[in-house]
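> So here's upload18.cif, just mmCIF, N, CA and C atoms:
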data_structure
#
loop_
_atom_site.label_atom_id
_atom_site.label_comp_id
_atom_site.auth_asym_id
_atom_site.auth_seq_id
_atom_site.Cartn_x
_atom_site.Cartn_y
_atom_site.Cartn_z
N MET N 6 99.57 108.54 164.13
CA MET N 6 99.28 108.40 162.72
C MET N 6 97.81 108.07 162.51
N PHE N 7 97.27 107.23 163.38
CA PHE N 7 95.87 106.81 163.26
C PHE N 7 94.94 108.01 163.42
N VAL N 8 95.20 108.84 164.41
CA VAL N 8 94.34 110.01 164.67
C VAL N 8 94.43 110.99 163.50
N PHE N 9 95.64 111.17 162.95
CA PHE N 9 95.81 112.06 161.81
C PHE N 9 94.98 111.57 160.61
N LEU N 10 95.02 110.28 160.35
CA LEU N 10 94.24 109.73 159.23
C LEU N 10 92.74 109.91 159.45
N ILE N 11 92.29 109.74 160.67
CA ILE N 11 90.87 109.92 160.97
C ILE N 11 90.45 111.37 160.74
N VAL N 12 91.30 112.31 161.15
CA VAL N 12 90.99 113.73 160.94
C VAL N 12 90.94 114.05 159.44
N VAL N 13 91.89 113.52 158.67
CA VAL N 13 91.89 113.76 157.22
C VAL N 13 90.65 113.14 156.57
N ILE N 14 90.25 111.96 157.01
CA ILE N 14 89.04 111.32 156.47
C ILE N 14 87.82 112.16 156.78
N ALA N 15 87.75 112.72 157.98
CA ALA N 15 86.60 113.56 158.35
C ALA N 15 86.56 114.82 157.49
N LEU N 16 87.72 115.44 157.27
CA LEU N 16 87.76 116.64 156.43
C LEU N 16 87.36 116.33 154.99
N ILE N 17 87.84 115.23 154.46
CA ILE N 17 87.46 114.83 153.10
C ILE N 17 85.96 114.58 153.03
N GLY N 18 85.41 113.96 154.05
CA GLY N 18 83.96 113.71 154.07
C GLY N 18 83.16 115.00 154.06
N ILE N 19 83.60 115.99 154.82
CA ILE N 19 82.89 117.28 154.85
C ILE N 19 82.99 117.98 153.50
N ILE N 20 84.20 118.01 152.93
CA ILE N 20 84.38 118.65 151.62
C ILE N 20 83.58 117.93 150.55
N MET N 21 83.59 116.60 150.60
CA MET N 21 82.84 115.82 149.61
C MET N 21 81.33 116.08 149.73
N SER N 22 80.85 116.29 150.93
CA SER N 22 79.42 116.61 151.11
C SER N 22 79.06 117.90 150.41
N PHE N 23 79.92 118.92 150.55
CA PHE N 23 79.65 120.19 149.88
C PHE N 23 79.72 120.06 148.37
N VAL N 24 80.69 119.32 147.87
CA VAL N 24 80.84 119.14 146.42
C VAL N 24 79.63 118.41 145.86
N ILE N 25 79.15 117.42 146.56
CA ILE N 25 77.98 116.67 146.10
C ILE N 25 76.74 117.55 146.11
N LEU N 26 76.59 118.38 147.14
CA LEU N 26 75.42 119.27 147.20
C LEU N 26 75.45 120.34 146.12
N LEU N 27 76.63 120.72 145.66
CA LEU N 27 76.73 121.72 144.61
C LEU N 27 76.37 121.18 143.23
N GLN N 28 76.41 119.87 143.06
CA GLN N 28 76.14 119.28 141.75
C GLN N 28 74.67 119.40 141.40
N ALA N 29 74.41 119.60 140.14
CA ALA N 29 73.02 119.70 139.67
C ALA N 29 72.47 118.30 139.45
N GLY N 30 71.35 118.05 140.04
CA GLY N 30 70.66 116.79 139.82
C GLY N 30 69.48 117.03 138.90
N LYS N 31 68.48 116.19 138.97
CA LYS N 31 67.28 116.39 138.14
C LYS N 31 66.53 117.65 138.56
N GLY N 32 66.62 118.01 139.83
CA GLY N 32 65.93 119.19 140.32
C GLY N 32 66.73 120.47 140.19
N GLY N 33 67.92 120.41 139.67
CA GLY N 33 68.73 121.61 139.50
C GLY N 33 69.80 121.75 140.57
N GLY N 34 69.51 121.38 141.80
CA GLY N 34 70.49 121.42 142.89
C GLY N 34 70.99 122.81 143.19
N LEU N 35 72.05 122.90 143.93
CA LEU N 35 72.66 124.17 144.28
C LEU N 35 73.66 124.63 143.22
N ALA N 36 73.89 123.83 142.19
CA ALA N 36 74.85 124.20 141.16
C ALA N 36 74.37 125.38 140.35
N GLY N 37 73.09 125.70 140.39
CA GLY N 37 72.58 126.85 139.68
C GLY N 37 73.14 128.15 140.21
N ILE N 38 73.54 128.15 141.46
CA ILE N 38 74.14 129.35 142.04
C ILE N 38 75.48 129.63 141.38
N ALA N 39 76.28 128.57 141.20
CA ALA N 39 77.61 128.75 140.65
C ALA N 39 77.65 128.68 139.13
N SER N 40 76.60 128.19 138.49
CA SER N 40 76.66 128.00 137.04
C SER N 40 76.28 129.26 136.27
N GLY N 41 75.79 130.28 136.91
CA GLY N 41 75.42 131.50 136.19
C GLY N 41 76.44 132.59 136.42
N GLY N 42 76.41 133.60 135.59
CA GLY N 42 77.25 134.78 135.79
C GLY N 42 78.71 134.55 135.49
N ALA N 43 79.56 134.85 136.47
CA ALA N 43 81.00 134.83 136.26
C ALA N 43 81.53 133.42 136.01
N THR N 44 80.90 132.41 136.61
CA THR N 44 81.37 131.05 136.42
C THR N 44 81.22 130.62 134.97
N THR N 45 80.14 131.02 134.32
CA THR N 45 79.93 130.68 132.92
C THR N 45 80.97 131.36 132.05
N GLN N 46 81.35 132.57 132.37
CA GLN N 46 82.33 133.28 131.57
C GLN N 46 83.73 132.68 131.73
N ILE N 47 84.06 132.23 132.94
CA ILE N 47 85.40 131.70 133.19
C ILE N 47 85.52 130.25 132.75
N LEU N 48 84.59 129.40 133.19
CA LEU N 48 84.69 127.98 132.95
C LEU N 48 83.90 127.49 131.75
N GLY N 49 82.99 128.26 131.26
CA GLY N 49 82.12 127.78 130.20
C GLY N 49 80.86 127.21 130.81
N ALA N 50 79.86 126.96 129.98
CA ALA N 50 78.55 126.53 130.49
C ALA N 50 78.57 125.11 131.03
N ARG N 51 79.38 124.23 130.49
CA ARG N 51 79.33 122.82 130.87
C ARG N 51 80.50 122.42 131.77
N GLN N 52 81.53 123.22 131.89
CA GLN N 52 82.72 122.80 132.62
C GLN N 52 82.54 122.79 134.13
N ALA N 53 81.66 123.61 134.68
CA ALA N 53 81.45 123.62 136.13
C ALA N 53 80.93 122.27 136.62
N PRO N 54 79.89 121.67 136.01
CA PRO N 54 79.46 120.34 136.48
C PRO N 54 80.52 119.27 136.27
N ASP N 55 81.32 119.39 135.19
CA ASP N 55 82.38 118.41 134.97
C ASP N 55 83.43 118.47 136.07
N ILE N 56 83.79 119.68 136.47
CA ILE N 56 84.79 119.84 137.54
C ILE N 56 84.24 119.31 138.86
N LEU N 57 82.98 119.57 139.13
CA LEU N 57 82.37 119.05 140.36
C LEU N 57 82.31 117.53 140.35
N GLU N 58 82.01 116.95 139.21
CA GLU N 58 81.94 115.49 139.11
C GLU N 58 83.33 114.88 139.28
N LYS N 59 84.33 115.46 138.65
CA LYS N 59 85.70 114.95 138.81
C LYS N 59 86.17 115.11 140.25
N GLY N 60 85.82 116.24 140.84
CA GLY N 60 86.18 116.45 142.24
C GLY N 60 85.54 115.41 143.16
N THR N 61 84.30 115.06 142.86
CA THR N 61 83.62 114.05 143.66
C THR N 61 84.31 112.70 143.53
N TRP N 62 84.69 112.34 142.32
CA TRP N 62 85.37 111.05 142.11
C TRP N 62 86.73 111.03 142.80
N ILE N 63 87.46 112.12 142.71
CA ILE N 63 88.79 112.18 143.35
C ILE N 63 88.65 112.11 144.87
N LEU N 64 87.72 112.88 145.43
CA LEU N 64 87.52 112.85 146.88
C LEU N 64 87.02 111.49 147.35
N ALA N 65 86.15 110.85 146.58
CA ALA N 65 85.64 109.53 146.96
C ALA N 65 86.76 108.50 146.93
N ALA N 66 87.63 108.57 145.92
CA ALA N 66 88.76 107.63 145.84
C ALA N 66 89.72 107.85 147.01
N ALA N 67 90.00 109.10 147.34
CA ALA N 67 90.88 109.40 148.47
C ALA N 67 90.25 108.94 149.78
N PHE N 68 88.95 109.14 149.92
CA PHE N 68 88.23 108.72 151.13
C PHE N 68 88.32 107.21 151.30
N LEU N 69 88.07 106.47 150.23
CA LEU N 69 88.12 105.01 150.29
C LEU N 69 89.53 104.52 150.57
N ALA N 70 90.53 105.09 149.90
CA ALA N 70 91.91 104.66 150.10
C ALA N 70 92.36 104.93 151.54
N LEU N 71 92.01 106.09 152.07
CA LEU N 71 92.40 106.40 153.45
C LEU N 71 91.69 105.51 154.47
N CYS N 72 90.45 105.16 154.18
CA CYS N 72 89.73 104.24 155.09
C CYS N 72 90.42 102.89 155.14
N ILE N 73 90.88 102.41 154.00
CA ILE N 73 91.58 101.12 153.96
C ILE N 73 92.94 101.24 154.65
N LEU N 74 93.68 102.33 154.39
CA LEU N 74 94.99 102.52 155.01
C LEU N 74 94.89 102.69 156.52
N THR N 75 93.80 103.24 156.99
CA THR N 75 93.61 103.44 158.43
C THR N 75 93.59 102.10 159.17
N ASN N 76 93.08 101.07 158.52
CA ASN N 76 93.06 99.75 159.16
C ASN N 76 94.46 99.24 159.44
N PHE N 77 95.42 99.61 158.60
CA PHE N 77 96.79 99.17 158.81
C PHE N 77 97.54 100.05 159.80
N ALA N 78 97.00 101.21 160.10
CA ALA N 78 97.65 102.14 161.03
C ALA N 78 97.24 101.91 162.47
N ILE N 79 96.32 101.01 162.72
CA ILE N 79 95.89 100.73 164.09
C ILE N 79 97.05 100.09 164.85
N ASP N 80 97.30 100.56 166.06
CA ASP N 80 98.42 100.08 166.87
C ASP N 80 98.16 98.65 167.34
N PRO N 81 98.98 97.69 166.89
CA PRO N 81 98.79 96.31 167.34
C PRO N 81 99.42 96.03 168.70
N GLY N 82 100.01 97.04 169.33
CA GLY N 82 100.70 96.85 170.60
C GLY N 82 99.78 96.46 171.75
N THR N 83 98.56 96.92 171.73
CA THR N 83 97.62 96.58 172.80
C THR N 83 96.74 95.43 172.35
N PRO N 84 96.85 94.29 173.01
CA PRO N 84 96.04 93.15 172.59
C PRO N 84 94.56 93.41 172.88
N GLN N 85 93.74 93.14 171.92
CA GLN N 85 92.29 93.32 172.07
C GLN N 85 91.67 91.96 172.37
N ARG N 86 90.91 91.90 173.44
CA ARG N 86 90.22 90.66 173.78
C ARG N 86 88.73 90.89 173.66
N SER N 87 88.05 89.85 173.28
CA SER N 87 86.60 89.98 173.16
C SER N 87 85.97 89.95 174.55
N VAL N 88 84.72 90.31 174.61
CA VAL N 88 84.00 90.33 175.88
C VAL N 88 83.88 88.91 176.44
N ILE N 89 83.79 87.94 175.56
CA ILE N 89 83.64 86.55 176.00
C ILE N 89 84.92 86.07 176.67
N GLN N 90 86.09 86.51 176.17
CA GLN N 90 87.36 86.05 176.72
C GLN N 90 87.73 86.76 178.01
N GLN N 91 87.12 87.87 178.30
CA GLN N 91 87.46 88.61 179.52
C GLN N 91 86.93 87.86 180.73
N SER N 92 87.71 87.89 181.81
CA SER N 92 87.29 87.21 183.03
C SER N 92 86.20 88.03 183.71
N PRO N 93 85.28 87.37 184.38
CA PRO N 93 84.21 88.11 185.06
C PRO N 93 84.79 88.92 186.23
N LEU N 94 84.09 89.97 186.58
CA LEU N 94 84.50 90.79 187.71
C LEU N 94 84.38 90.00 189.01
N PRO N 95 85.29 90.21 189.95
CA PRO N 95 85.16 89.49 191.22
C PRO N 95 83.90 89.94 191.94
N GLN N 96 83.18 88.96 192.47
CA GLN N 96 81.92 89.28 193.15
C GLN N 96 82.21 89.71 194.58
N GLN N 97 81.42 90.66 195.04
CA GLN N 97 81.58 91.15 196.41
C GLN N 97 80.98 90.13 197.37
N PRO N 98 81.58 90.01 198.55
CA PRO N 98 81.01 89.06 199.53
C PRO N 98 79.61 89.51 199.94
N ALA N 99 78.77 88.52 200.23
CA ALA N 99 77.40 88.81 200.63
C ALA N 99 77.39 89.50 201.99
N VAL N 100 76.59 90.53 202.09
CA VAL N 100 76.45 91.27 203.34
C VAL N 100 75.38 90.55 204.16
N PRO N 101 75.69 90.19 205.43
CA PRO N 101 74.68 89.49 206.23
C PRO N 101 73.50 90.42 206.53
N LEU N 102 72.30 89.85 206.50
CA LEU N 102 71.09 90.60 206.80
C LEU N 102 70.95 90.79 208.30
N PRO N 103 70.35 91.87 208.73
CA PRO N 103 70.05 92.02 210.17
C PRO N 103 69.11 90.90 210.63
N ALA N 104 69.13 90.63 211.91
CA ALA N 104 68.37 89.50 212.45
C ALA N 104 66.88 89.64 212.21
N ASP N 105 66.36 90.87 212.18
CA ASP N 105 64.92 91.01 211.99
C ASP N 105 64.50 90.84 210.53
N GLU N 106 65.46 90.84 209.56
CA GLU N 106 65.12 90.68 208.15
C GLU N 106 65.46 89.29 207.61
N VAL N 107 65.92 88.38 208.45
CA VAL N 107 66.25 87.03 208.00
C VAL N 107 64.95 86.31 207.67
N PRO N 108 64.84 85.70 206.48
CA PRO N 108 63.60 85.01 206.12
C PRO N 108 63.38 83.78 207.00
N ALA N 109 62.12 83.57 207.31
CA ALA N 109 61.77 82.42 208.14
C ALA N 109 61.88 81.16 207.29
N PRO N 110 62.25 80.02 207.91
CA PRO N 110 62.32 78.77 207.14
C PRO N 110 60.93 78.36 206.65
N ALA N 111 60.93 77.78 205.45
CA ALA N 111 59.66 77.34 204.85
C ALA N 111 59.15 76.11 205.60
N GLU N 112 57.84 75.98 205.63
CA GLU N 112 57.25 74.82 206.31
C GLU N 112 56.75 73.83 205.28
N ASP N 113 56.95 72.57 205.56
CA ASP N 113 56.48 71.49 204.69
C ASP N 113 54.98 71.32 204.91
N VAL N 114 54.32 70.62 204.01
CA VAL N 114 52.88 70.38 204.11
C VAL N 114 52.56 69.61 205.41
N SER N 115 53.47 68.77 205.83
CA SER N 115 53.24 67.99 207.03
C SER N 115 53.40 68.82 208.30
N GLY N 116 53.85 70.10 208.16
CA GLY N 116 54.00 70.95 209.32
C GLY N 116 55.42 70.99 209.83
N GLU N 117 56.33 70.18 209.22
CA GLU N 117 57.71 70.17 209.66
C GLU N 117 58.47 71.34 209.03
N SER N 118 59.44 71.80 209.73
CA SER N 118 60.26 72.91 209.25
C SER N 118 61.27 72.40 208.24
N VAL N 119 61.36 73.11 207.09
CA VAL N 119 62.31 72.74 206.03
C VAL N 119 63.33 73.87 205.96
N PRO N 120 64.63 73.54 205.93
CA PRO N 120 65.64 74.60 205.86
C PRO N 120 65.52 75.37 204.54
N ALA N 121 65.77 76.68 204.61
CA ALA N 121 65.70 77.53 203.43
C ALA N 121 66.82 77.17 202.46
N GLU N 122 66.56 77.30 201.14
CA GLU N 122 67.56 76.96 200.14
C GLU N 122 68.47 78.16 199.90
N ASP N 123 69.69 77.89 199.48
CA ASP N 123 70.68 78.94 199.21
C ASP N 123 70.48 79.56 197.84
N GLY N 124 69.69 78.97 196.99
CA GLY N 124 69.55 79.44 195.62
C GLY N 124 70.42 78.64 194.69
N GLN N 125 71.03 77.56 195.16
CA GLN N 125 71.89 76.74 194.29
C GLN N 125 71.20 75.46 193.91
#
As structure tokens, what does this structure read like?


Amino acid sequence: MFVFLIVVIALIGIIMSFVILLQAGKGGGLAGIASGGATTQILGARQAPDILEKGTWILAAAFLALCILTNFAIDPGTPQRSVIQQSPLPQQPAVPLPADEVPAPAEDVSGESVPAEDGQ
């Protein structure tokens, strides 16, 4: 059900984009293509923009309603945990270094040998 709602929302979004682009704005828009010729004879001079505006409102309302309904269609069967609550991955054991790459122990200022620290 969730995937179906997402597909319907995507289709409504694409259709709404075309309807919005067809509307005439201050610059005339793409509605000039449909507002001349046969469209004027069938719908009248002013009815084409009215239909596009009503279509935009209807598609926007459907888009918003489906977005809200999609939240209720999410499957609650799989518990979602945040990244903070997840346990860390098990660390791999340290690989011993070859004898020729073992770091030499640090020397103290007095010349005495000081054991190397583990990093803790």

> Could you jot down the atom C of Met21 of chain N to atom N of Lys59 of chain N separation for me, Å, one decimal place?

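Here the two named atoms are 11.5 Å from each other.
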
> For this file, the PyMOL selection byres (((chain N and resi 74 and name CA) around 12) and name CA) selects which residues, as a ChimeraX atom specification?

/N:6-7,9-11,13-14,67-73,75-79

> What does the structure give for the distance between atom CA of Ile17 of chain N and atom CA of Leu64 of chain N, in Å to one decimal?

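That distance, rounded to one decimal, is 6.5 Å.
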
> How many Å separate atom CA of Thr61 of chain N from atom CA of Val12 of chain N?

18.8 Å
